[in-house]
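Undergrad: Pasting a structure below so you can have a look.
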Amino acid sequence: MRKVTLSEILDHPIAQKYLKRSGMAHAVSVAYHAYRLSLQEGVDSDRAAKAALLHDIGHYEWYTDGEWDYEEYKKNDIHAIKGAERAHKLLIRLGEDRAAAKEIALAILLHTDSYLPDGQLTKNSLQMVVKRADELDEEPGGAHHYRTISLEKARQKIQELDRLIEKGERPLKRTV
Ligand SMILES: [Fe+2]
């Protein structure tokens with residue numbers, strides 16, 4: 001039995017604030033990719049979809065004189081660290097199982113290695129699923145962060161994903 005649904009997460013004001021900042025359409029789309037990959041890889045679909053939905057909520061707006069400053073972003077960004085922490089706090093607040101909240105937070109922490117020092121890190125399959133799901137939705141120049149979706153549509157998609165997770169069903173077609 002799931003303690004928290006994706007829809008409850010989506011509707012929380014903290015999630016709303018940060019999902020809007022980093023791109024609601026991207027978050028919903030990555031959640032679907034993660035769900036599909038989780039079935040292929042045999043990892044927990046609920047945790048994969050939650051980590052994917054929340055993977056970018058740690059983004060900060062790197063603007064200089066009103067312009068997106070990619071250099072500043074590349075040098076100083078820690079969105080995966082911030083996102084892991086925010087997601088963990090939000091999930092616990094919503095009543096998520098503690099072990100699940102930790103695993104979801106770790107998958108968010110490791111969904112990108114752009115901020116990690118060079119070296120070797122072995123990711124588990126849940127962490128790989130979330131990373132690959134994100135990469136499947138990436139567009140050149142970070143355009144995936146600016147694709148739009150209405151809140152109503154996002155809510156419908158996430159409710160549908162909740163139903164699929166509960167039934168363990170595969171989505172019939174690409175829906176986002
Ligand atoms: Fe992303």
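In the structure tokens, chains take the letters A, B, ... in the order shown, each chain's residues start at 1, and ligands count up from 1 in the order shown.
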Neighbouring residues of A:Arg163 were defined as those with any atom within 12 Å, considering only C-alpha atoms; residues of the same chain fewer than 2 positions away were excluded. Please report them as a list in words.
TA: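 Within the cut-off, the hits are Arg2, Thr5, Leu6, Ser7, Tyr35, Ser45, Asp46, Gln156, Lys157, Ile158, Gln159, Glu160, Leu161, Ile165, Glu166, Lys167, Gly168, Glu169, Arg170 and Pro171 of chain A.
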Undergrad: Keeping only N, CA and C atoms, write the selected residues as a PDB file, in the first residue's frame.
TA:
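Result file selection-v4.pdb:
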ATOM      1  N   ARG A   2       0.595   2.156  -0.942  1.00  0.00           N
ATOM      2  CA  ARG A   2       1.396   3.381  -1.003  1.00  0.00           C
ATOM      3  C   ARG A   2       0.928   4.367   0.060  1.00  0.00           C
ATOM      4  N   THR A   5       0.663   9.439  -2.709  1.00  0.00           N
ATOM      5  CA  THR A   5       0.524   9.306  -4.165  1.00  0.00           C
ATOM      6  C   THR A   5       1.292  10.434  -4.872  1.00  0.00           C
ATOM      7  N   LEU A   6       1.510  10.230  -6.149  1.00  0.00           N
ATOM      8  CA  LEU A   6       2.141  11.285  -6.952  1.00  0.00           C
ATOM      9  C   LEU A   6       1.261  12.527  -6.993  1.00  0.00           C
ATOM     10  N   SER A   7      -0.058  12.300  -7.014  1.00  0.00           N
ATOM     11  CA  SER A   7      -0.990  13.442  -7.073  1.00  0.00           C
ATOM     12  C   SER A   7      -0.899  14.296  -5.808  1.00  0.00           C
ATOM     13  N   TYR A  35       8.788   5.475 -15.083  1.00  0.00           N
ATOM     14  CA  TYR A  35       7.830   4.388 -14.856  1.00  0.00           C
ATOM     15  C   TYR A  35       8.065   3.258 -15.859  1.00  0.00           C
ATOM     16  N   SER A  45       8.412   0.854  -9.092  1.00  0.00           N
ATOM     17  CA  SER A  45       7.831   1.880  -9.969  1.00  0.00           C
ATOM     18  C   SER A  45       7.430   3.138  -9.213  1.00  0.00           C
ATOM     19  N   ASP A  46       6.895   2.930  -8.036  1.00  0.00           N
ATOM     20  CA  ASP A  46       6.443   4.064  -7.228  1.00  0.00           C
ATOM     21  C   ASP A  46       7.622   4.969  -6.871  1.00  0.00           C
ATOM     22  N   GLN A 156      -3.904  15.642 -14.534  1.00  0.00           N
ATOM     23  CA  GLN A 156      -4.519  14.465 -15.193  1.00  0.00           C
ATOM     24  C   GLN A 156      -3.487  13.382 -15.469  1.00  0.00           C
ATOM     25  N   LYS A 157      -2.345  13.802 -16.009  1.00  0.00           N
ATOM     26  CA  LYS A 157      -1.281  12.845 -16.354  1.00  0.00           C
ATOM     27  C   LYS A 157      -0.777  12.137 -15.099  1.00  0.00           C
ATOM     28  N   ILE A 158      -0.627  12.896 -14.038  1.00  0.00           N
ATOM     29  CA  ILE A 158      -0.073  12.325 -12.804  1.00  0.00           C
ATOM     30  C   ILE A 158      -1.107  11.406 -12.142  1.00  0.00           C
ATOM     31  N   GLN A 159      -2.367  11.762 -12.223  1.00  0.00           N
ATOM     32  CA  GLN A 159      -3.412  10.864 -11.691  1.00  0.00           C
ATOM     33  C   GLN A 159      -3.423   9.546 -12.470  1.00  0.00           C
ATOM     34  N   GLU A 160      -3.240   9.662 -13.789  1.00  0.00           N
ATOM     35  CA  GLU A 160      -3.193   8.470 -14.631  1.00  0.00           C
ATOM     36  C   GLU A 160      -1.980   7.604 -14.253  1.00  0.00           C
ATOM     37  N   LEU A 161      -0.858   8.261 -14.002  1.00  0.00           N
ATOM     38  CA  LEU A 161       0.347   7.513 -13.609  1.00  0.00           C
ATOM     39  C   LEU A 161       0.144   6.842 -12.249  1.00  0.00           C
ATOM     40  N   ILE A 165       0.593   2.850 -11.677  1.00  0.00           N
ATOM     41  CA  ILE A 165       1.483   2.291 -10.649  1.00  0.00           C
ATOM     42  C   ILE A 165       0.689   1.357  -9.747  1.00  0.00           C
ATOM     43  N   GLU A 166      -0.502   1.783  -9.377  1.00  0.00           N
ATOM     44  CA  GLU A 166      -1.300   0.942  -8.483  1.00  0.00           C
ATOM     45  C   GLU A 166      -1.674  -0.386  -9.144  1.00  0.00           C
ATOM     46  N   LYS A 167      -1.880  -0.336 -10.472  1.00  0.00           N
ATOM     47  CA  LYS A 167      -2.258  -1.575 -11.160  1.00  0.00           C
ATOM     48  C   LYS A 167      -1.057  -2.294 -11.762  1.00  0.00           C
ATOM     49  N   GLY A 168       0.107  -1.630 -11.740  1.00  0.00           N
ATOM     50  CA  GLY A 168       1.296  -2.244 -12.343  1.00  0.00           C
ATOM     51  C   GLY A 168       1.188  -2.387 -13.847  1.00  0.00           C
ATOM     52  N   GLU A 169       0.437  -1.452 -14.458  1.00  0.00           N
ATOM     53  CA  GLU A 169       0.227  -1.559 -15.912  1.00  0.00           C
ATOM     54  C   GLU A 169       1.193  -0.686 -16.686  1.00  0.00           C
ATOM     55  N   ARG A 170       1.405  -1.089 -17.919  1.00  0.00           N
ATOM     56  CA  ARG A 170       2.263  -0.375 -18.837  1.00  0.00           C
ATOM     57  C   ARG A 170       1.433   0.695 -19.573  1.00  0.00           C
ATOM     58  N   PRO A 171       1.948   1.923 -19.705  1.00  0.00           N
ATOM     59  CA  PRO A 171       1.174   2.901 -20.490  1.00  0.00           C
ATOM     60  C   PRO A 171       1.109   2.428 -21.940  1.00  0.00           C
TER      61      PRO A 171
END
Undergrad: Once you count only C-alpha atoms and all ligand atoms, which residues end up within 9 Å of ligand 1, and could you hand them over as an mmCIF file with N, CA and C atoms, in the first residue's frame?
TA:
data_model
loop_
_atom_site.group_PDB
_atom_site.id
_atom_site.type_symbol
_atom_site.label_atom_id
_atom_site.label_comp_id
_atom_site.auth_asym_id
_atom_site.auth_seq_id
_atom_site.Cartn_x
_atom_site.Cartn_y
_atom_site.Cartn_z
ATOM 1 N N SER A 22 11.409 24.679 -12.477
ATOM 2 C CA SER A 22 12.321 23.861 -13.298
ATOM 3 C C SER A 22 11.612 23.201 -14.481
ATOM 4 N N GLY A 23 10.288 23.367 -14.575
ATOM 5 C CA GLY A 23 9.577 22.840 -15.736
ATOM 6 C C GLY A 23 8.665 21.680 -15.385
ATOM 7 N N HIS A 26 8.524 18.862 -18.137
ATOM 8 C CA HIS A 26 9.708 17.997 -18.056
ATOM 9 C C HIS A 26 9.540 16.994 -16.904
ATOM 10 N N ALA A 27 9.109 17.473 -15.748
ATOM 11 C CA ALA A 27 8.960 16.601 -14.566
ATOM 12 C C ALA A 27 7.957 15.476 -14.831
ATOM 13 N N VAL A 30 9.441 12.997 -17.410
ATOM 14 C CA VAL A 30 10.495 12.137 -16.831
ATOM 15 C C VAL A 30 9.866 11.094 -15.892
ATOM 16 N N ALA A 52 11.653 10.703 -10.106
ATOM 17 C CA ALA A 52 11.688 11.367 -11.407
ATOM 18 C C ALA A 52 10.860 12.661 -11.392
ATOM 19 N N HIS A 55 12.937 15.197 -9.455
ATOM 20 C CA HIS A 55 14.399 15.198 -9.597
ATOM 21 C C HIS A 55 15.010 16.593 -9.758
ATOM 22 N N ASP A 56 14.266 17.543 -10.305
ATOM 23 C CA ASP A 56 14.849 18.870 -10.568
ATOM 24 C C ASP A 56 14.352 19.956 -9.616
ATOM 25 N N HIS A 111 21.049 11.761 -9.773
ATOM 26 C CA HIS A 111 20.480 11.723 -11.132
ATOM 27 C C HIS A 111 21.374 12.423 -12.147
ATOM 28 N N THR A 112 22.306 13.198 -11.660
ATOM 29 C CA THR A 112 23.274 13.840 -12.552
ATOM 30 C C THR A 112 24.630 13.747 -11.892
ATOM 31 N N LYS A 131 18.165 8.548 -13.723
ATOM 32 C CA LYS A 131 19.138 9.267 -14.567
ATOM 33 C C LYS A 131 18.796 9.081 -16.060
ATOM 34 N N ALA A 133 15.918 8.232 -17.386
ATOM 35 C CA ALA A 133 14.624 8.857 -17.676
ATOM 36 C C ALA A 133 14.807 10.348 -17.932
ATOM 37 N N ASP A 134 15.638 10.979 -17.121
ATOM 38 C CA ASP A 134 15.915 12.408 -17.300
ATOM 39 C C ASP A 134 16.582 12.632 -18.656
ATOM 40 N N GLU A 135 17.561 11.824 -18.981
ATOM 41 C CA GLU A 135 18.288 11.995 -20.245
ATOM 42 C C GLU A 135 17.368 11.796 -21.452
ATOM 43 N N ASP A 137 14.438 12.781 -21.763
ATOM 44 C CA ASP A 137 13.600 13.970 -21.999
ATOM 45 C C ASP A 137 14.418 15.245 -22.222
ATOM 46 N N GLU A 138 15.736 15.113 -22.190
ATOM 47 C CA GLU A 138 16.559 16.313 -22.317
ATOM 48 C C GLU A 138 16.563 16.858 -23.732
ATOM 49 N N GLY A 142 18.980 23.048 -22.758
ATOM 50 C CA GLY A 142 18.107 23.055 -21.574
ATOM 51 C C GLY A 142 16.660 23.391 -21.912
ATOM 52 N N HIS A 144 14.184 21.648 -22.424
ATOM 53 C CA HIS A 144 13.187 20.821 -21.721
ATOM 54 C C HIS A 144 12.655 21.498 -20.461
ATOM 55 N N HIS A 145 13.435 22.427 -19.921
ATOM 56 C CA HIS A 145 12.967 23.139 -18.717
ATOM 57 C C HIS A 145 11.890 24.179 -19.056
#
Undergrad: Nearest to A:Leu164: which of A:Ala49, A:Gln127, A:Tyr18, A:Glu85 is it, counting only C-alpha atoms?
TA: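 Closest to A:Leu164 of all the choices is A:Ala49.
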Undergrad: Smallest atom-to-atom distance to A:Leu10: which of A:Met128, A:Trp62, A:Lys50, A:Tyr32, using only C-alpha atoms?
TA: A:Lys50
Undergrad: Of the residues A:Leu94, A:Val28, A:Ala80, A:Leu39, which is the one nearest to A:Ile108, using only C-alpha atoms?
TA: A:Ala80
Undergrad: Show me, as a PyMOL selection string, the residues that have an atom within 12 Å of stretch 116-119 of chain A when counting only C-alpha atoms, minus same-chain residues fewer than 2 positions from it.
TA: chain A and resi 74-81+109-114+121-122
Undergrad: Residues as selected, C-alpha atoms, written as an mmCIF file, in the first residue's frame, can you do that?
TA:
data_model
loop_
_atom_site.group_PDB
_atom_site.id
_atom_site.type_symbol
_atom_site.label_atom_id
_atom_site.label_comp_id
_atom_site.auth_asym_id
_atom_site.auth_seq_id
_atom_site.Cartn_x
_atom_site.Cartn_y
_atom_site.Cartn_z
ATOM 1 C CA LYS A 74 27.860 25.114 -14.510
ATOM 2 C CA LYS A 75 30.343 26.370 -11.927
ATOM 3 C CA ASN A 76 28.084 26.685 -8.912
ATOM 4 C CA ASP A 77 25.041 24.502 -9.385
ATOM 5 C CA ILE A 78 24.145 21.979 -6.678
ATOM 6 C CA HIS A 79 20.533 21.338 -7.734
ATOM 7 C CA ALA A 80 20.786 17.607 -7.160
ATOM 8 C CA ILE A 81 21.889 18.106 -3.541
ATOM 9 C CA LEU A 109 21.056 13.201 -5.450
ATOM 10 C CA LEU A 110 22.664 10.966 -8.072
ATOM 11 C CA HIS A 111 20.480 11.723 -11.132
ATOM 12 C CA THR A 112 23.274 13.840 -12.552
ATOM 13 C CA ASP A 113 27.008 13.704 -12.062
ATOM 14 C CA SER A 114 27.647 17.209 -13.356
ATOM 15 C CA LEU A 121 30.555 5.828 -8.419
ATOM 16 C CA THR A 122 28.442 2.747 -8.781
#
Undergrad: Just list as a JSON list (two decimals) with C-alpha atoms, in the first residue's frame whatever in chain A DSSP marks as strand (DSSP E).
TA:
[["chain", "number", "residue", "atom", "x", "y", "z"],
["A", 63, "TYR", "CA", 20.44, 34.88, -13.81],
["A", 64, "THR", "CA", 22.84, 37.73, -14.39],
["A", 67, "GLU", "CA", 19.83, 36.62, -18.64],
["A", 68, "TRP", "CA", 20.24, 32.95, -17.90]]
Undergrad: When you look at A:Ala101 with a cut-off of 12 Å (counting only C-alpha atoms), what residues show up, excluding the ones that are within fewer than 2 positions of it in the same chain? I need them as a PyMOL selection string.
TA: chain A and resi 3-4+46-48+50-51+54+84-99+103-108
Undergrad: For the selection just defined, write its residues with C-alpha atoms to a file, as a PDB file, in the first residue's frame.
TA:
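again.pdb written:
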ATOM      1  CA  LYS A   3       1.523   5.942   1.781  1.00  0.00           C
ATOM      2  CA  VAL A   4       1.693   8.915  -0.579  1.00  0.00           C
ATOM      3  CA  ASP A  46       6.443   4.064  -7.228  1.00  0.00           C
ATOM      4  CA  ARG A  47       9.872   5.167  -6.016  1.00  0.00           C
ATOM      5  CA  ALA A  48      11.191   5.634  -9.546  1.00  0.00           C
ATOM      6  CA  LYS A  50       8.418   9.915  -7.399  1.00  0.00           C
ATOM      7  CA  ALA A  51      12.167  10.484  -7.742  1.00  0.00           C
ATOM      8  CA  LEU A  54      10.908  15.597  -8.102  1.00  0.00           C
ATOM      9  CA  ALA A  84      17.355  15.579  -2.689  1.00  0.00           C
ATOM     10  CA  GLU A  85      17.006  17.481   0.542  1.00  0.00           C
ATOM     11  CA  ARG A  86      13.817  19.301  -0.494  1.00  0.00           C
ATOM     12  CA  ALA A  87      12.226  16.116  -1.787  1.00  0.00           C
ATOM     13  CA  HIS A  88      13.086  14.228   1.386  1.00  0.00           C
ATOM     14  CA  LYS A  89      11.570  16.922   3.580  1.00  0.00           C
ATOM     15  CA  LEU A  90       8.449  17.116   1.448  1.00  0.00           C
ATOM     16  CA  LEU A  91       7.952  13.347   1.351  1.00  0.00           C
ATOM     17  CA  ILE A  92       8.370  12.975   5.112  1.00  0.00           C
ATOM     18  CA  ARG A  93       5.935  15.840   5.647  1.00  0.00           C
ATOM     19  CA  LEU A  94       3.382  14.046   3.448  1.00  0.00           C
ATOM     20  CA  GLY A  95       3.796  10.853   5.483  1.00  0.00           C
ATOM     21  CA  GLU A  96       6.023   8.839   3.137  1.00  0.00           C
ATOM     22  CA  ASP A  97       7.653   5.671   4.390  1.00  0.00           C
ATOM     23  CA  ARG A  98      11.126   6.627   5.698  1.00  0.00           C
ATOM     24  CA  ALA A  99      13.034   3.980   3.759  1.00  0.00           C
ATOM     25  CA  GLU A 103      15.878   5.913  -1.504  1.00  0.00           C
ATOM     26  CA  ILE A 104      14.001   8.539  -3.523  1.00  0.00           C
ATOM     27  CA  ALA A 105      16.243  11.303  -2.135  1.00  0.00           C
ATOM     28  CA  LEU A 106      19.380   9.327  -3.038  1.00  0.00           C
ATOM     29  CA  ALA A 107      18.142   8.746  -6.590  1.00  0.00           C
ATOM     30  CA  ILE A 108      17.609  12.514  -6.907  1.00  0.00           C
TER      31      ILE A 108
END
Undergrad: Have a look at atom CA of A:Arg21 and atom CA of A:Glu71 and let me know their distance in Å, one decimal.
TA: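 Between atom CA of A:Arg21 and atom CA of A:Glu71 the gap is 19.0 Å.
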Undergrad: Using Å and a single decimal, report how far atom CA of A:Lys17 sits from atom CA of A:Gly58.
TA: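 Computed distance, atom CA of A:Gly58 to atom CA of A:Lys17, equals 10.8 Å.
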Undergrad: Record the distance separating atom CA of A:Glu41 and atom CA of A:Val129, expressed in Å with one decimal.
TA: 7.8 Å
Undergrad: Could you give me the residues within stretch 53-143 of chain A that DSSP places in helix (DSSP H, G or I), as a ChimeraX atom specification?
TA: /A:53-54,70-76,79-93,98-109,125-137,140-143
Undergrad: Can you pull out the residues contacting A:Val43? Cut-off 7 Å, using only C-alpha atoms, and skip same-chain residues under 4 positions away; I want them as a PyMOL selection string.
TA: chain A and resi 38-39+125-126
Undergrad: Please write the residues from the selection above to a file, keeping N, CA and C atoms, as a PDB file, in the first residue's frame.
TA:
ATOM      1  N   SER A  38      11.297   1.514 -15.154  1.00  0.00           N
ATOM      2  CA  SER A  38      11.252   0.724 -13.909  1.00  0.00           C
ATOM      3  C   SER A  38      10.648  -0.655 -14.180  1.00  0.00           C
ATOM      4  N   LEU A  39       9.681  -0.720 -15.102  1.00  0.00           N
ATOM      5  CA  LEU A  39       9.093  -2.024 -15.437  1.00  0.00           C
ATOM      6  C   LEU A  39      10.107  -2.900 -16.176  1.00  0.00           C
ATOM      7  N   SER A 125      20.154   0.218  -9.496  1.00  0.00           N
ATOM      8  CA  SER A 125      19.279   0.275 -10.671  1.00  0.00           C
ATOM      9  C   SER A 125      18.212   1.357 -10.576  1.00  0.00           C
ATOM     10  N   LEU A 126      17.720   1.648  -9.386  1.00  0.00           N
ATOM     11  CA  LEU A 126      16.749   2.743  -9.253  1.00  0.00           C
ATOM     12  C   LEU A 126      17.404   4.073  -9.645  1.00  0.00           C
TER      13      LEU A 126
END
Undergrad: Taking only C-alpha atoms into account, which of A:Glu72, A:Asp44, A:Glu8, A:Glu152 comes nearest A:Ala25?
TA: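 Among the listed residues, the smallest separation from A:Ala25 belongs to A:Glu152.
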